[in-house]
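Content type compact mmCIF, C-alpha atoms, from the file data_33.txt:
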```txt
# COMPACT_ATOMS: atom_id res chain seq x y z
CA MET A 1 244.22 -1.68 70.42
CA LYS A 2 240.57 -2.57 70.48
CA ILE A 3 238.69 -3.28 67.27
CA THR A 4 235.25 -4.62 66.41
CA LEU A 5 235.08 -7.64 64.15
CA ASP A 6 232.10 -9.02 62.32
CA LEU A 7 232.59 -12.76 62.02
CA PRO A 8 230.20 -15.61 61.20
CA ALA A 9 229.24 -17.55 64.35
CA SER A 10 230.33 -20.79 62.72
CA ASP A 11 233.87 -19.38 62.19
CA LEU A 12 234.05 -18.31 65.81
CA GLU A 13 232.95 -21.73 66.97
CA ARG A 14 235.56 -23.33 64.73
CA ILE A 15 238.28 -21.01 66.06
CA CYS A 16 237.41 -21.87 69.67
CA GLU A 17 237.36 -25.56 68.78
CA MET A 18 240.70 -25.41 66.95
CA THR A 19 242.51 -23.51 69.68
CA GLY A 20 240.85 -25.27 72.58
CA ILE A 21 240.19 -21.83 74.07
CA ARG A 22 236.61 -21.24 75.16
CA LYS A 23 236.67 -17.43 75.29
CA LYS A 24 236.33 -15.79 71.89
CA SER A 25 238.81 -12.89 72.12
CA PRO A 26 241.74 -15.00 73.42
CA ALA A 27 240.95 -17.67 70.82
CA ILE A 28 241.04 -15.15 67.96
CA ARG A 29 244.24 -13.64 69.35
CA LYS A 30 245.84 -17.11 69.45
CA VAL A 31 244.92 -17.82 65.82
CA LEU A 32 246.31 -14.45 64.70
CA GLU A 33 249.54 -14.95 66.66
CA ASP A 34 249.99 -18.41 65.14
CA VAL A 35 249.41 -17.14 61.61
CA LEU A 36 251.82 -14.24 62.06
CA ARG A 37 254.45 -16.48 63.58
CA LEU A 38 254.16 -19.00 60.74
CA ARG A 39 254.39 -16.21 58.17
CA GLN A 40 257.48 -14.82 59.88
CA ARG A 41 258.97 -18.31 60.06
CA ALA A 42 258.48 -18.70 56.32
CA GLU A 43 260.00 -15.29 55.56
CA ILE A 44 263.12 -15.96 57.62
CA SER A 45 263.53 -19.49 56.27
CA GLU A 46 263.48 -18.03 52.75
CA LYS A 47 266.48 -15.88 53.68
CA PHE A 48 268.39 -19.02 54.70
CA LEU A 49 267.24 -20.79 51.57
CA ARG A 50 268.44 -17.99 49.31
CA GLY A 51 271.74 -17.77 51.17
CA GLU A 52 271.00 -14.20 52.23
CA TRP A 53 271.43 -15.44 55.78
CA SER A 54 273.78 -18.29 56.64
CA ALA A 55 276.05 -19.77 59.27
CA GLU A 56 279.17 -21.89 59.51
CA LEU A 57 278.50 -23.37 62.97
CA GLU A 58 282.11 -24.34 63.21
CA GLY A 59 282.79 -27.01 65.81
CA PHE A 60 279.27 -28.46 65.87
CA GLU A 61 280.27 -31.93 64.65
CA ALA A 62 283.42 -31.98 66.78
CA ALA A 63 281.38 -31.21 69.90
CA LYS A 64 278.92 -34.00 69.07
CA VAL A 65 281.74 -36.50 68.61
CA GLN A 66 283.36 -35.32 71.84
CA ASP A 67 280.11 -35.65 73.83
CA ARG A 68 279.50 -39.16 72.57
CA GLY A 69 283.18 -40.07 73.00
CA THR A 70 283.21 -38.85 76.59
CA SER A 71 280.10 -40.90 77.38
CA GLN A 72 281.73 -43.97 75.86
CA SER A 73 285.02 -43.42 77.74
CA LEU A 74 283.19 -43.01 81.04
CA ALA A 75 281.17 -46.15 80.39
CA GLU A 76 284.37 -48.09 79.75
CA LEU A 77 286.00 -46.68 82.89
CA TRP A 78 283.03 -47.84 84.96
CA ARG A 79 283.30 -51.30 83.50
CA ASP A 80 286.98 -51.49 84.56
CA MET B 1 251.55 -33.92 67.49
CA ALA B 2 254.51 -31.63 68.18
CA ARG B 3 257.47 -32.23 65.89
CA LEU B 4 260.80 -31.40 67.42
CA ILE B 5 263.25 -30.27 64.73
CA GLY B 6 266.64 -31.73 65.58
CA SER B 7 269.98 -29.95 65.47
CA SER B 8 271.13 -31.80 62.37
CA LEU B 9 268.29 -30.25 60.34
CA TRP B 10 269.03 -26.78 61.69
CA VAL B 11 272.72 -27.10 60.94
CA ASP B 12 272.14 -28.30 57.39
CA PHE B 13 269.44 -25.71 56.79
CA THR B 14 271.40 -22.71 58.01
CA ARG B 15 274.87 -23.66 56.82
CA LYS B 16 276.32 -21.67 53.96
CA LYS B 17 277.93 -24.69 52.31
CA SER B 18 274.77 -26.85 52.33
CA PRO B 19 273.41 -27.53 48.83
CA VAL B 20 270.28 -25.53 48.07
CA ALA B 21 268.51 -28.80 47.23
CA LEU B 22 269.18 -30.02 50.78
CA LYS B 23 267.75 -26.80 52.21
CA VAL B 24 264.70 -27.20 49.98
CA PHE B 25 264.31 -30.73 51.35
CA ILE B 26 264.45 -29.48 54.96
CA GLN B 27 262.31 -26.35 54.66
CA PRO B 28 258.88 -28.07 54.76
CA TRP B 29 259.81 -29.63 58.11
CA ILE B 30 260.62 -26.20 59.51
CA LEU B 31 257.43 -24.69 58.08
CA ASP B 32 255.27 -27.47 59.49
CA PRO B 33 252.76 -25.82 61.87
CA GLU B 34 253.56 -28.60 64.36
CA ALA B 35 257.33 -27.89 64.23
CA CYS B 36 258.85 -26.84 67.52
CA LEU B 37 262.07 -26.26 69.36
CA CYS B 38 263.44 -27.00 72.83
CA GLU B 39 266.09 -25.26 74.91
CA LEU B 40 268.50 -28.20 74.53
CA ILE B 41 268.48 -28.01 70.74
CA ALA B 42 268.77 -24.23 70.81
CA PHE B 43 271.77 -24.68 73.11
CA GLU B 44 273.32 -27.33 70.88
CA VAL B 45 273.14 -25.06 67.82
CA LEU B 46 273.53 -21.55 69.23
CA ARG B 47 276.66 -22.24 71.24
CA HIS B 48 278.59 -22.62 67.97
CA THR B 49 277.44 -19.36 66.41
CA THR B 50 279.36 -16.16 65.74
CA PRO B 51 277.61 -12.93 66.82
CA GLN B 52 276.15 -12.37 63.34
CA GLU B 53 275.01 -15.98 62.94
CA ARG B 54 273.50 -15.80 66.41
CA THR B 55 271.18 -12.92 65.50
CA GLN B 56 269.95 -14.71 62.38
CA ILE B 57 269.40 -18.14 63.90
CA GLU B 58 267.83 -16.68 67.04
CA ALA B 59 265.39 -14.79 64.79
CA GLN B 60 264.43 -18.07 63.10
CA PHE B 61 264.16 -19.90 66.42
CA ALA B 62 261.92 -17.15 67.82
CA THR B 63 259.23 -18.14 65.30
CA LEU B 64 258.85 -21.63 66.75
CA PRO B 65 257.06 -22.73 69.90
CA VAL B 66 259.43 -24.06 72.55
CA LEU B 67 258.72 -27.31 74.39
CA THR B 68 259.24 -26.71 78.10
CA THR B 69 262.10 -28.38 79.95
CA PRO B 70 260.52 -30.69 82.55
CA ALA B 71 261.84 -30.49 86.11
CA LYS B 72 262.50 -34.25 86.16
CA LEU B 73 264.46 -34.20 82.89
CA TRP B 74 267.81 -35.09 84.45
CA ARG B 75 266.39 -37.96 86.48
CA ASP B 76 264.48 -39.40 83.54
CA ALA B 77 267.46 -39.01 81.20
CA THR B 78 269.63 -40.81 83.74
CA ARG B 79 267.15 -43.67 83.79
CA LEU B 80 267.03 -43.76 79.98
CA GLY B 81 270.82 -43.81 79.85
CA GLN B 82 270.84 -46.70 82.29
CA ILE B 83 268.32 -48.63 80.21
CA CYS B 84 270.43 -48.09 77.08
CA ARG B 85 273.56 -49.06 78.96
CA ASP B 86 271.92 -52.25 80.23
CA LYS B 87 271.19 -53.08 76.60
CA GLY B 88 274.83 -52.50 75.68
CA HIS B 89 274.50 -49.02 74.16
CA THR B 90 276.22 -45.96 75.55
CA ALA B 91 274.37 -42.86 74.35
CA GLY B 92 275.65 -39.28 74.31
CA SER B 93 274.49 -37.06 77.18
CA LEU B 94 272.76 -34.47 75.03
CA ASP B 95 271.13 -37.17 72.92
CA LEU B 96 269.67 -38.71 76.08
CA LEU B 97 268.38 -35.36 77.34
CA ILE B 98 266.77 -34.51 73.99
CA ALA B 99 265.26 -37.99 73.66
CA THR B 100 263.87 -37.78 77.20
CA LEU B 101 262.31 -34.38 76.56
CA THR B 102 260.77 -35.65 73.31
CA ILE B 103 259.24 -38.63 75.13
CA HIS B 104 257.97 -36.39 77.95
CA HIS B 105 256.03 -34.20 75.50
CA GLY B 106 254.80 -37.10 73.37
CA ALA B 107 256.50 -35.38 70.45
CA GLU B 108 258.23 -36.71 67.38
CA LEU B 109 261.94 -36.05 66.92
CA ILE B 110 262.88 -35.18 63.33
CA THR B 111 266.55 -35.74 62.62
CA PHE B 112 269.24 -36.93 60.21
CA ASP B 113 271.20 -38.24 63.18
CA ALA B 114 271.26 -42.05 63.28
CA ASP B 115 272.74 -42.00 66.81
CA TYR B 116 269.18 -41.64 68.11
CA GLU B 117 268.17 -44.96 66.60
CA PRO B 118 269.51 -47.20 69.39
CA ILE B 119 267.83 -44.93 71.97
CA ALA B 120 264.50 -45.29 70.12
CA LEU B 121 265.02 -49.04 70.05
CA HIS B 122 265.13 -49.19 73.86
CA SER B 123 262.52 -46.53 74.69
CA ASP B 124 259.25 -44.88 73.65
CA LEU B 125 261.13 -42.29 71.62
CA ASN B 126 259.08 -41.39 68.55
CA LEU B 127 261.83 -40.92 65.99
CA ARG B 128 261.58 -39.80 62.38
CA LEU B 129 265.00 -40.53 60.97
CA LEU B 130 265.41 -38.70 57.70
CA THR B 131 267.96 -39.54 55.03
CA ARG B 132 269.72 -36.75 53.19
CA PRO B 133 268.79 -37.06 49.53
CA ASP B 134 271.58 -38.11 47.19
CA PHE B 135 271.88 -35.12 44.91
CA ASN B 136 274.59 -36.71 42.80
CA SER B 137 272.54 -39.63 41.52
CA SER B 138 270.64 -39.01 38.31
```
Produce structure tokens that represent the structure in this file.
Amino acid sequence: MKITLDLPASDLERICEMTGIRKKSPAIRKVLEDVLRLRQRAEISEKFLRGEWSAELEGFEAAKVQDRGTSQSLAELWRD
Amino acid sequence: MARLIGSSLWVDFTRKKSPVALKVFIQPWILDPEACLCELIAFEVLRHTTPQERTQIEAQFATLPVLTTPAKLWRDATRLGQICRDKGHTAGSLDLLIATLTIHHGAELITFDADYEPIALHSDLNLRLLTRPDFNSS
């Protein structure tokens, strides 16, 4: 959707500088996307914080130990 | 500078049994505008999820920028593994891949996992090793 925005020139310059994007429309779009994504990140993280969302991730530690153990075993085999 | 949030933070942050105080400790790292993800860490975490957990964690992951996986990742990780090995340390495969990707992007790896420390010792890995707060001490 196309809209018309009235922004101070100094803000636009700052937005282009911050994003590293020279063209104004893409720069504004980038800033909006970043803000929305950060807001969404905060909202979802609150759900995990409150325990509304959660996981068990069963097997995570075991897999880590196995990966490191396998690397160690292979290293020892090579030495022999 | 991009800050790559390691699996140990994600696991502690999303796990039901984690103390709320630990989650409160981790949350600012996740909300950091420089926080990011990579496919390797997503793989490391998501492969252990149930269907319901998957939906929730994927939704959280979708809010973070993803560092690209460089084409030469395997070759560089092999070299890093060899360097560690030459110094007498055998690192885990995934640890080497994640460390290599972090170095490639000039990022900082944020983790509770001390197994990255020897890798950082023998490479340019920018490591921020966090310590879980002791919630029992007064």
Using only the atoms of segment 17-23 of chain B listed in the file, plus 3 Å on each side, state the axis-aligned box centre and edge lengths in Å rounded to one decimal, as AutoDock Vina command-line options.
```
--center_x 272.8 --center_y -27.4 --center_z 49.8 --size_x 16.2 --size_y 11.3 --size_z 11.1
```
Next item on the list: Name the residues in contact with Phe43 of chain B at a cut-off of 12 Å, using all atoms listed in the file, excluding same-chain residues fewer than 6 positions from it; report them as JSON, numbers by chain.
Entry: {"A": [60], "B": [6, 7, 10, 37, 49, 54, 57, 58, 61, 94, 97, 98]}
Check: What residues in chain B lie within 10 Å of chain A, counting all atoms listed in the file, written as a PyMOL selection string?
Finding: chain B and resi 7-8+11-24+26-28+30-33+44-50+52-54+56-57+59-65+85+89-95+115
Note to self: For Ile3 of chain A, find every residue with an atom within 12 Å (counting only C-alpha atoms), except residues of its own chain fewer than 2 positions away, and show them as a ChimeraX atom specification.
What the structure shows: /A:1,5-6,25,29
Next item on the list: Work out how far atom CA of Leu80 of chain B is from atom CA of Thr111 of chain B, in Å to one decimal.
Entry: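 Taking atom CA of Thr111 of chain B and atom CA of Leu80 of chain B, their separation equals 19.1 Å.
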Checklist line | Residue with smallest distance to Cys38 of chain B - pool B:Ala114, B:Leu67, B:Ala77, B:Ile5, counting only C-alpha atoms | finding: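 That would be B:Leu67, the residue with the smallest distance to Cys38 of chain B.
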Write segment 27-57 of chain A as a CSV table (one decimal), in the coordinates of the input, completed to N, CA and C atoms.
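And here is the file that came out, result_37.csv:
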```csv
chain,number,residue,atom,x,y,z
A,27,ALA,N,240.8,-16.7,71.9
A,27,ALA,CA,241.0,-17.7,70.8
A,27,ALA,C,241.3,-17.0,69.5
A,28,ILE,N,240.7,-15.9,69.2
A,28,ILE,CA,241.0,-15.2,68.0
A,28,ILE,C,242.5,-14.6,68.0
A,29,ARG,N,242.9,-14.1,69.2
A,29,ARG,CA,244.2,-13.6,69.4
A,29,ARG,C,245.2,-14.8,69.1
A,30,LYS,N,244.9,-16.0,69.6
A,30,LYS,CA,245.8,-17.1,69.4
A,30,LYS,C,246.0,-17.5,68.0
A,31,VAL,N,244.9,-17.5,67.3
A,31,VAL,CA,244.9,-17.8,65.8
A,31,VAL,C,245.8,-16.8,65.1
A,32,LEU,N,245.5,-15.5,65.4
A,32,LEU,CA,246.3,-14.4,64.7
A,32,LEU,C,247.8,-14.6,65.0
A,33,GLU,N,248.1,-14.8,66.3
A,33,GLU,CA,249.5,-15.0,66.7
A,33,GLU,C,250.2,-16.1,65.9
A,34,ASP,N,249.5,-17.2,65.8
A,34,ASP,CA,250.0,-18.4,65.1
A,34,ASP,C,250.2,-18.1,63.7
A,35,VAL,N,249.3,-17.5,63.0
A,35,VAL,CA,249.4,-17.1,61.6
A,35,VAL,C,250.6,-16.2,61.4
A,36,LEU,N,250.7,-15.2,62.2
A,36,LEU,CA,251.8,-14.2,62.1
A,36,LEU,C,253.2,-14.9,62.3
A,37,ARG,N,253.2,-15.8,63.3
A,37,ARG,CA,254.4,-16.5,63.6
A,37,ARG,C,254.9,-17.4,62.4
A,38,LEU,N,253.9,-18.1,61.9
A,38,LEU,CA,254.2,-19.0,60.7
A,38,LEU,C,254.6,-18.2,59.5
A,39,ARG,N,254.0,-17.0,59.3
A,39,ARG,CA,254.4,-16.2,58.2
A,39,ARG,C,255.8,-15.7,58.4
A,40,GLN,N,256.1,-15.3,59.6
A,40,GLN,CA,257.5,-14.8,59.9
A,40,GLN,C,258.5,-15.9,59.7
A,41,ARG,N,258.1,-17.1,60.2
A,41,ARG,CA,259.0,-18.3,60.1
A,41,ARG,C,259.3,-18.6,58.6
A,42,ALA,N,258.3,-18.5,57.8
A,42,ALA,CA,258.5,-18.7,56.3
A,42,ALA,C,259.4,-17.6,55.7
A,43,GLU,N,259.2,-16.4,56.1
A,43,GLU,CA,260.0,-15.3,55.6
A,43,GLU,C,261.5,-15.5,55.9
A,44,ILE,N,261.7,-15.8,57.2
A,44,ILE,CA,263.1,-16.0,57.6
A,44,ILE,C,263.7,-17.2,57.0
A,45,SER,N,263.0,-18.3,56.9
A,45,SER,CA,263.5,-19.5,56.3
A,45,SER,C,263.9,-19.3,54.8
A,46,GLU,N,263.1,-18.4,54.1
A,46,GLU,CA,263.5,-18.0,52.8
A,46,GLU,C,264.9,-17.4,52.7
A,47,LYS,N,265.2,-16.6,53.7
A,47,LYS,CA,266.5,-15.9,53.7
A,47,LYS,C,267.6,-16.9,53.8
A,48,PHE,N,267.4,-17.9,54.6
A,48,PHE,CA,268.4,-19.0,54.7
A,48,PHE,C,268.5,-19.8,53.4
A,49,LEU,N,267.3,-20.0,52.8
A,49,LEU,CA,267.2,-20.8,51.6
A,49,LEU,C,268.0,-20.1,50.4
A,50,ARG,N,267.8,-18.8,50.4
A,50,ARG,CA,268.4,-18.0,49.3
A,50,ARG,C,269.9,-17.7,49.6
A,51,GLY,N,270.4,-18.0,50.8
A,51,GLY,CA,271.7,-17.8,51.2
A,51,GLY,C,272.0,-16.3,51.6
A,52,GLU,N,270.9,-15.6,51.7
A,52,GLU,CA,271.0,-14.2,52.2
A,52,GLU,C,271.5,-14.2,53.7
A,53,TRP,N,271.0,-15.2,54.4
A,53,TRP,CA,271.4,-15.4,55.8
A,53,TRP,C,272.1,-16.8,55.8
A,54,SER,N,273.1,-17.0,56.6
A,54,SER,CA,273.8,-18.3,56.6
A,54,SER,C,274.7,-18.4,57.8
A,55,ALA,N,275.2,-19.6,58.1
A,55,ALA,CA,276.0,-19.8,59.3
A,55,ALA,C,277.1,-20.8,58.9
A,56,GLU,N,278.2,-20.8,59.7
A,56,GLU,CA,279.2,-21.9,59.5
A,56,GLU,C,279.0,-23.0,60.6
A,57,LEU,N,278.7,-22.5,61.8
A,57,LEU,CA,278.5,-23.4,63.0
A,57,LEU,C,279.7,-24.3,63.1
```
